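The file final_6.csv contains CSV, C-alpha atoms:
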```
chain,number,residue,atom,x,y,z
A,1,MET,CA,-35.6,6.8,-38.8
A,2,SER,CA,-36.6,10.4,-38.1
A,3,GLU,CA,-35.5,12.4,-35.1
A,4,THR,CA,-39.1,12.6,-33.9
A,5,SER,CA,-39.5,8.8,-34.2
A,6,VAL,CA,-36.3,8.2,-32.3
A,7,ALA,CA,-37.3,10.6,-29.5
A,8,THR,CA,-40.7,8.8,-29.2
A,9,LYS,CA,-39.1,5.4,-29.0
A,10,VAL,CA,-36.5,6.5,-26.5
A,11,ARG,CA,-39.0,8.2,-24.3
A,12,ARG,CA,-41.4,5.2,-24.4
A,13,ARG,CA,-38.6,2.7,-23.4
A,14,VAL,CA,-37.2,4.9,-20.7
A,15,LEU,CA,-40.5,5.8,-19.0
A,16,ALA,CA,-41.5,2.1,-19.0
A,17,SER,CA,-38.3,1.3,-16.9
A,18,LEU,CA,-37.4,1.8,-13.3
A,19,GLU,CA,-34.2,1.4,-11.3
A,20,ARG,CA,-31.9,0.9,-14.3
A,21,PHE,CA,-29.1,2.6,-16.2
A,22,TRP,CA,-29.3,3.7,-19.8
A,23,ARG,CA,-26.7,4.5,-22.4
A,24,PRO,CA,-27.1,6.0,-25.8
A,25,ASP,CA,-26.1,2.7,-27.5
A,26,ASP,CA,-29.2,1.0,-25.8
A,27,PHE,CA,-31.3,2.6,-28.5
A,28,GLU,CA,-31.6,2.5,-32.3
A,29,GLY,CA,-31.2,5.6,-34.4
A,30,SER,CA,-28.5,8.2,-34.9
A,31,SER,CA,-26.4,9.0,-31.9
A,32,GLU,CA,-27.2,12.7,-32.2
A,33,ALA,CA,-31.0,12.0,-32.1
A,34,VAL,CA,-30.7,9.6,-29.2
A,35,THR,CA,-28.5,12.0,-27.2
A,36,LYS,CA,-31.0,14.8,-27.8
A,37,ALA,CA,-33.9,12.6,-26.7
A,38,LEU,CA,-32.0,11.7,-23.5
A,39,SER,CA,-31.1,15.3,-22.8
A,40,ARG,CA,-34.8,16.2,-23.0
A,41,LEU,CA,-35.6,13.5,-20.5
A,42,VAL,CA,-32.9,14.9,-18.2
A,43,ALA,CA,-34.4,18.4,-18.5
A,44,SER,CA,-37.9,17.1,-17.7
A,45,GLY,CA,-36.6,15.2,-14.6
A,46,ASP,CA,-37.5,11.7,-16.0
A,47,ILE,CA,-33.8,10.5,-15.8
A,48,ARG,CA,-30.6,11.6,-14.1
A,49,ARG,CA,-27.4,12.2,-15.9
A,50,VAL,CA,-24.7,10.3,-14.0
A,51,ARG,CA,-21.9,11.3,-16.4
A,52,ARG,CA,-21.4,11.7,-20.1
A,53,GLY,CA,-23.1,8.8,-21.8
A,54,LEU,CA,-24.6,7.3,-18.7
A,55,TYR,CA,-28.1,8.0,-17.3
A,56,TRP,CA,-30.2,6.6,-14.4
A,57,ARG,CA,-34.0,6.1,-14.2
A,58,GLY,CA,-35.0,5.8,-10.5
A,59,ALA,CA,-37.9,6.3,-8.2
A,60,THR,CA,-39.1,9.9,-7.7
A,61,SER,CA,-40.3,11.8,-4.8
A,62,ARG,CA,-41.0,15.5,-3.9
A,63,LEU,CA,-37.2,15.9,-3.6
A,64,GLY,CA,-36.6,14.6,-7.1
A,65,MET,CA,-35.2,11.4,-8.5
A,66,ALA,CA,-33.4,9.1,-6.1
A,67,PRO,CA,-29.8,8.5,-7.2
A,68,PRO,CA,-28.6,4.9,-8.0
A,69,PRO,CA,-27.6,2.7,-5.1
A,70,VAL,CA,-23.9,3.0,-4.4
A,71,ASP,CA,-23.2,-0.7,-5.1
A,72,ARG,CA,-24.9,-0.6,-8.5
A,73,LEU,CA,-23.2,2.7,-9.4
A,74,ALA,CA,-19.8,1.4,-8.4
A,75,ASP,CA,-20.4,-1.7,-10.5
A,76,GLU,CA,-21.4,0.4,-13.5
A,77,LEU,CA,-18.5,2.7,-13.2
A,78,VAL,CA,-15.8,0.4,-12.0
A,79,GLY,CA,-17.0,-3.1,-12.7
A,80,MET,CA,-15.3,-4.9,-9.8
A,81,PRO,CA,-16.3,-6.0,-6.2
A,82,GLY,CA,-15.0,-4.4,-3.1
A,83,CYS,CA,-16.3,-0.9,-3.8
A,84,GLY,CA,-18.2,1.2,-1.4
A,85,PRO,CA,-19.0,4.6,0.1
A,86,ALA,CA,-16.2,6.7,1.5
A,87,GLY,CA,-15.9,9.8,3.7
A,88,TRP,CA,-19.2,11.4,4.6
A,89,SER,CA,-21.0,9.1,2.2
A,90,ALA,CA,-19.8,6.1,4.4
A,91,ALA,CA,-20.8,7.7,7.7
A,92,LEU,CA,-24.2,8.6,6.3
A,93,ALA,CA,-24.8,5.1,4.9
A,94,LEU,CA,-24.0,3.5,8.3
A,95,GLY,CA,-26.2,6.0,10.2
A,96,LEU,CA,-23.2,7.4,12.1
A,97,SER,CA,-23.7,10.9,10.8
A,98,THR,CA,-26.5,13.0,9.4
A,99,GLN,CA,-24.2,15.0,7.1
A,100,VAL,CA,-25.4,14.8,3.5
A,101,PRO,CA,-22.4,15.2,1.2
A,102,ARG,CA,-22.6,17.4,-1.8
A,103,TYR,CA,-21.7,14.4,-4.0
A,104,ASP,CA,-21.4,10.7,-3.5
A,105,THR,CA,-17.9,9.5,-2.8
A,106,ILE,CA,-17.0,5.9,-3.6
A,107,ALA,CA,-13.8,4.1,-2.7
A,108,VAL,CA,-12.5,1.6,-5.3
A,109,PRO,CA,-9.8,-1.1,-4.7
A,110,SER,CA,-7.9,0.0,-7.8
A,111,ARG,CA,-6.9,3.1,-9.6
A,112,ALA,CA,-9.9,5.4,-9.8
A,113,PRO,CA,-11.4,5.6,-13.3
A,114,SER,CA,-11.4,9.0,-15.0
A,115,ASN,CA,-14.5,11.0,-15.9
A,116,PRO,CA,-16.8,9.8,-13.1
A,117,GLY,CA,-19.2,12.7,-13.6
A,118,SER,CA,-20.9,13.9,-10.5
A,119,VAL,CA,-19.5,11.0,-8.4
A,120,HIS,CA,-16.2,11.4,-6.6
A,121,LEU,CA,-14.1,8.2,-6.8
A,122,VAL,CA,-11.1,7.7,-4.4
A,123,SER,CA,-8.5,5.1,-5.1
A,124,ARG,CA,-7.7,2.4,-2.5
A,125,ALA,CA,-5.4,0.6,-4.8
A,126,ALA,CA,-3.4,-1.0,-2.0
A,127,SER,CA,-6.6,-2.4,-0.4
A,128,THR,CA,-6.7,-5.4,-2.7
A,129,ARG,CA,-8.3,-7.7,-0.1
A,130,ARG,CA,-11.5,-5.7,-0.4
A,131,ARG,CA,-11.7,-7.0,-3.9
A,132,ASP,CA,-10.5,-10.6,-3.1
A,133,GLU,CA,-13.0,-10.9,-0.2
A,134,ARG,CA,-15.8,-9.3,-2.3
A,135,LEU,CA,-16.7,-6.9,0.4
A,136,ARG,CA,-20.1,-5.4,0.4
A,137,PRO,CA,-20.6,-1.6,0.3
A,138,SER,CA,-21.5,-1.6,4.0
A,139,GLU,CA,-18.3,-3.5,4.8
A,140,VAL,CA,-16.2,-1.1,2.8
A,141,ALA,CA,-18.0,1.8,4.6
A,142,ILE,CA,-16.8,0.4,7.9
A,143,PHE,CA,-13.2,0.5,6.8
A,144,GLU,CA,-13.6,4.0,5.4
A,145,VAL,CA,-15.1,5.3,8.6
A,146,PHE,CA,-12.2,3.6,10.6
A,147,ARG,CA,-9.8,5.7,8.5
A,148,ASP,CA,-11.1,8.9,10.1
A,149,TRP,CA,-13.4,8.0,12.9
A,150,ASP,CA,-13.2,11.2,15.0
A,151,ALA,CA,-13.9,13.4,12.0
A,152,LEU,CA,-16.8,11.4,10.5
A,153,VAL,CA,-18.8,9.9,13.4
A,154,GLU,CA,-21.2,12.4,15.0
A,155,ILE,CA,-23.2,10.2,17.3
A,156,PRO,CA,-21.9,9.1,20.8
A,157,LYS,CA,-19.1,6.5,20.6
A,158,ALA,CA,-21.1,3.9,22.5
A,159,ASP,CA,-24.1,4.3,20.2
A,160,ALA,CA,-21.9,4.0,17.1
A,161,VAL,CA,-20.4,0.8,18.4
A,162,ASP,CA,-23.8,-0.6,19.2
A,163,ARG,CA,-25.0,0.3,15.7
A,164,ILE,CA,-22.1,-1.5,14.0
A,165,LYS,CA,-22.5,-4.4,16.4
A,166,ASN,CA,-26.1,-4.8,15.3
A,167,PHE,CA,-24.9,-4.8,11.7
A,168,ALA,CA,-22.7,-7.7,12.5
A,169,GLU,CA,-25.4,-9.6,14.4
A,170,THR,CA,-27.9,-9.2,11.6
A,171,GLY,CA,-25.5,-10.1,8.8
A,172,VAL,CA,-25.3,-6.7,7.2
A,173,ILE,CA,-21.5,-6.9,7.7
A,174,ARG,CA,-19.5,-10.1,7.9
A,175,ILE,CA,-16.8,-10.1,10.6
A,176,ASP,CA,-14.8,-12.9,9.1
A,177,ARG,CA,-14.6,-11.1,5.8
A,178,LEU,CA,-13.5,-7.9,7.5
A,179,VAL,CA,-10.8,-9.7,9.5
A,180,ARG,CA,-9.4,-11.3,6.3
A,181,ALA,CA,-9.6,-8.1,4.2
A,182,SER,CA,-7.9,-6.1,7.0
A,183,ALA,CA,-4.6,-7.6,5.9
A,184,SER,CA,-4.3,-5.0,3.1
A,185,GLU,CA,-5.7,-2.0,5.2
A,186,PRO,CA,-3.6,0.8,6.7
A,187,PRO,CA,-2.3,0.3,10.3
A,188,ARG,CA,-4.8,2.8,11.7
A,189,VAL,CA,-7.7,0.9,10.1
A,190,ARG,CA,-6.5,-2.4,11.5
A,191,GLU,CA,-6.1,-0.9,15.0
A,192,GLN,CA,-9.6,0.6,14.9
A,193,LEU,CA,-11.0,-2.8,13.8
A,194,ARG,CA,-9.1,-4.6,16.6
A,195,HIS,CA,-10.5,-2.3,19.2
A,196,PHE,CA,-14.0,-2.4,17.8
A,197,LEU,CA,-14.0,-6.2,17.8
A,198,GLY,CA,-12.8,-6.2,21.4
A,199,ALA,CA,-15.5,-3.8,22.3
A,200,ILE,CA,-18.2,-6.1,21.0
A,201,GLY,CA,-16.8,-9.2,22.7
A,202,ARG,CA,-15.1,-10.7,19.6
A,203,ALA,CA,-11.6,-11.1,21.2
A,204,ASP,CA,-10.6,-14.1,19.1
A,205,ASP,CA,-11.4,-12.1,15.9
A,206,ALA,CA,-9.5,-9.1,17.2
A,207,GLU,CA,-6.4,-11.3,17.8
A,208,ALA,CA,-6.6,-12.4,14.2
A,209,VAL,CA,-6.1,-8.8,12.9
A,210,ARG,CA,-2.5,-7.9,12.5
A,211,PRO,CA,-1.6,-5.1,14.9
A,212,ALA,CA,0.2,-1.9,13.8
A,213,ARG,CA,3.9,-1.9,14.2
A,214,SER,CA,3.9,1.7,15.6
A,215,GLU,CA,3.6,1.7,19.4
A,216,SER,CA,2.5,5.3,19.4
A,217,LEU,CA,-0.3,4.6,16.9
A,218,ARG,CA,-1.5,1.6,19.0
A,219,ARG,CA,-1.5,3.9,22.1
A,220,ASP,CA,-3.3,6.7,20.3
A,221,VAL,CA,-6.1,4.4,19.0
A,222,ALA,CA,-6.4,2.8,22.4
A,223,MET,CA,-6.7,6.1,24.2
A,224,ALA,CA,-9.3,7.4,21.7
A,225,ALA,CA,-11.3,4.1,22.0
A,226,SER,CA,-11.4,4.4,25.8
A,227,ALA,CA,-12.2,8.1,25.9
```

Mind converting the file's structure to structure tokens?
Amino acid sequence: MSETSVATKVRRRVLASLERFWRPDDFEGSSEAVTKALSRLVASGDIRRVRRGLYWRGATSRLGMAPPPVDRLADELVGMPGCGPAGWSAALALGLSTQVPRYDTIAVPSRAPSNPGSVHLVSRAASTRRRDERLRPSEVAIFEVFRDWDALVEIPKADAVDRIKNFAETGVIRIDRLVRASASEPPRVREQLRHFLGAIGRADDAEAVRPARSESLRRDVAMAASA
């Protein structure tokens, strides 16, 4: 099969798709010809290069091609449940900040795979309950924001609590899963969760979250929550 023929077939298949990942081995032909065809599609803006050997065909707008959803990206890169946005990516996903990060950051409940390309992966290897409870990306984002609430949340605290409360009431996040998964979270995250649950009237759920051993940490989180 000639390079021109390969390029034509690659282009035809890719342009007929939407919201999917592509790899060179999805196509027939020499790897060199397929890679060149995919590179040309990247240059023309018809696909995005996620990392070496992985491409994304998404919806386009005047701002360019939309990146893959974080849950699908995490599944493609990591292949396990319990992944979700971290840092500014988490705050933006939850509507708690308007800061747009330079790159997507994803927390994974294992050692972070190497060579993630333009995506920044952070390891949460100790947070095994995220994987066991099959947390959704939105639920992982809650825990990630709780890790550094003061630095990440830009809207007023009362508005932030109301926003997360609405997520719980509409089923976007599942409180019972968060409570169970909190068993493998750091003490600060558990304390933040306890105070949040108390603030939205879920006292029984708050009691089910193991408190931090450190009295000073419990006091610091309580003072910040009441400020």

Taking only residues of stretch 82-120 of chain A that have an atom at most 7 Å from an atom of stretch 66-74 of chain A, what is each one's shortest atom pair and its distance in Å to one decimal, using only C-alpha atoms, in chain and number order, as a Markdown table?
```
| residue | atom | partner | partner_atom | distance |
| --- | --- | --- | --- | --- |
| A:Cys83 | CA | A:Ala74 | CA | 6.2 |
| A:Gly84 | CA | A:Asp71 | CA | 6.5 |
| A:Pro85 | CA | A:Val70 | CA | 6.8 |
```

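Atom CA of A:Leu197 is positioned 17.2 Å from atom CA of A:Asp148.
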
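Here the selection is built from all atoms listed in the file, and the residues within 12 Å of (-7.9, 5.4, -4.3) turn out to be Cys83, Gly84, Pro85, Ala86, Thr105, Ile106, Ala107, Val108, Pro109, Ser110, Arg111, Ala112, Pro113, Ser114, His120, Leu121, Val122, Ser123, Arg124, Ala125, Ala126, Ser127, Thr128 and Glu144 of chain A.
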
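With distances taken over all atoms listed in the file, A:Val50 is the one residue among A:Ile175, A:Val100, A:Val50, A:Leu217 lying closest to A:Glu76.
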
Tell me, counting only C-alpha atoms, for each residue of stretch 28-123 of chain A within 7 Å of stretch 20-24 of chain A, which pair of atoms is nearest and how far apart they are in Å to one decimal, in rows ordered by chain and increasing number, as JSON lines.
```
{"residue": "A:Ser31", "atom": "CA", "partner": "A:Pro24", "partner_atom": "CA", "distance": 6.8}
{"residue": "A:Val34", "atom": "CA", "partner": "A:Pro24", "partner_atom": "CA", "distance": 6.1}
{"residue": "A:Thr35", "atom": "CA", "partner": "A:Pro24", "partner_atom": "CA", "distance": 6.3}
{"residue": "A:Gly53", "atom": "CA", "partner": "A:Arg23", "partner_atom": "CA", "distance": 5.6}
{"residue": "A:Leu54", "atom": "CA", "partner": "A:Arg23", "partner_atom": "CA", "distance": 5.1}
{"residue": "A:Tyr55", "atom": "CA", "partner": "A:Trp22", "partner_atom": "CA", "distance": 5.1}
{"residue": "A:Trp56", "atom": "CA", "partner": "A:Phe21", "partner_atom": "CA", "distance": 4.5}
{"residue": "A:Arg57", "atom": "CA", "partner": "A:Arg20", "partner_atom": "CA", "distance": 5.6}
{"residue": "A:Gly58", "atom": "CA", "partner": "A:Arg20", "partner_atom": "CA", "distance": 6.9}
```

With all atoms listed in the file as the basis for distance, which of A:Pro187, A:Pro211, A:Pro156, A:Gly201 is at the shortest distance from A:Leu96?
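Of all the options, A:Pro156 lies closest to A:Leu96.
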
Quick one: everything within 9 Å of A:Leu178, counting only C-alpha atoms, minus sequence neighbours fewer than 2 positions away in the same chain. Send it as a list in words.
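Here the answer would be Arg130, Glu133, Leu135, Glu139, Val140, Ile142, Phe143, Ile173, Arg174, Ile175, Asp176, Arg180, Ala181, Ser182 and Leu193 of chain A.
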
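Remark: for A:Gly64, the closest of the candidate residues A:Ala203, A:Ile47, A:Ala183, A:Val209 is A:Ile47 (distances computed over only C-alpha atoms).
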
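Comparing A:Ala224, A:Val14, A:Val42, A:Met80 by their smallest distance to A:Arg131, the closest is A:Met80 (using only C-alpha atoms).
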
For A:Ala16, which residue out of A:Ser184, A:Asp220, A:Thr170, A:Asp46 is the nearest one, using all atoms listed in the file?
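Of all the options, A:Asp46 lies closest to A:Ala16.
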
Select, from A:Arg219, A:Arg194, A:Arg147, A:Arg12, the residue with the minimum atom-to-atom distance to A:Ala90, counting all atoms listed in the file.
A:Arg147

Suppose you want the space between atom CA of A:Leu92 and atom CA of A:Leu152; what is it in Å?
9.0 Å

Do you know which residues lie at most 12 Å from (-18.9, 13.1, 15.9), with coordinates as in the file and only C-alpha atoms counted, and could you write them as a PDB file with C-alpha atoms, keeping the file's coordinate frame?
```
ATOM      1  CA  TRP A  88     -19.200  11.400   4.600  1.00  0.00           C
ATOM      2  CA  ALA A  91     -20.800   7.700   7.700  1.00  0.00           C
ATOM      3  CA  LEU A  92     -24.200   8.600   6.300  1.00  0.00           C
ATOM      4  CA  GLY A  95     -26.200   6.000  10.200  1.00  0.00           C
ATOM      5  CA  LEU A  96     -23.200   7.400  12.100  1.00  0.00           C
ATOM      6  CA  SER A  97     -23.700  10.900  10.800  1.00  0.00           C
ATOM      7  CA  THR A  98     -26.500  13.000   9.400  1.00  0.00           C
ATOM      8  CA  GLN A  99     -24.200  15.000   7.100  1.00  0.00           C
ATOM      9  CA  VAL A 145     -15.100   5.300   8.600  1.00  0.00           C
ATOM     10  CA  ASP A 148     -11.100   8.900  10.100  1.00  0.00           C
ATOM     11  CA  TRP A 149     -13.400   8.000  12.900  1.00  0.00           C
ATOM     12  CA  ASP A 150     -13.200  11.200  15.000  1.00  0.00           C
ATOM     13  CA  ALA A 151     -13.900  13.400  12.000  1.00  0.00           C
ATOM     14  CA  LEU A 152     -16.800  11.400  10.500  1.00  0.00           C
ATOM     15  CA  VAL A 153     -18.800   9.900  13.400  1.00  0.00           C
ATOM     16  CA  GLU A 154     -21.200  12.400  15.000  1.00  0.00           C
ATOM     17  CA  ILE A 155     -23.200  10.200  17.300  1.00  0.00           C
ATOM     18  CA  PRO A 156     -21.900   9.100  20.800  1.00  0.00           C
ATOM     19  CA  LYS A 157     -19.100   6.500  20.600  1.00  0.00           C
ATOM     20  CA  ALA A 158     -21.100   3.900  22.500  1.00  0.00           C
ATOM     21  CA  ASP A 159     -24.100   4.300  20.200  1.00  0.00           C
ATOM     22  CA  ALA A 160     -21.900   4.000  17.100  1.00  0.00           C
TER      23      ALA A 160
END
```

Can you list, as a ChimeraX atom specification, every protein, DNA or RNA residue that comes within 12 Å of A:Ser216 when you count only C-alpha atoms, leaving out same-chain residues fewer than 6 positions away?
/A:187-188,191,222-223

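Take atom CA of A:Pro137 and atom CA of A:Gly82: the distance between them is 7.1 Å.
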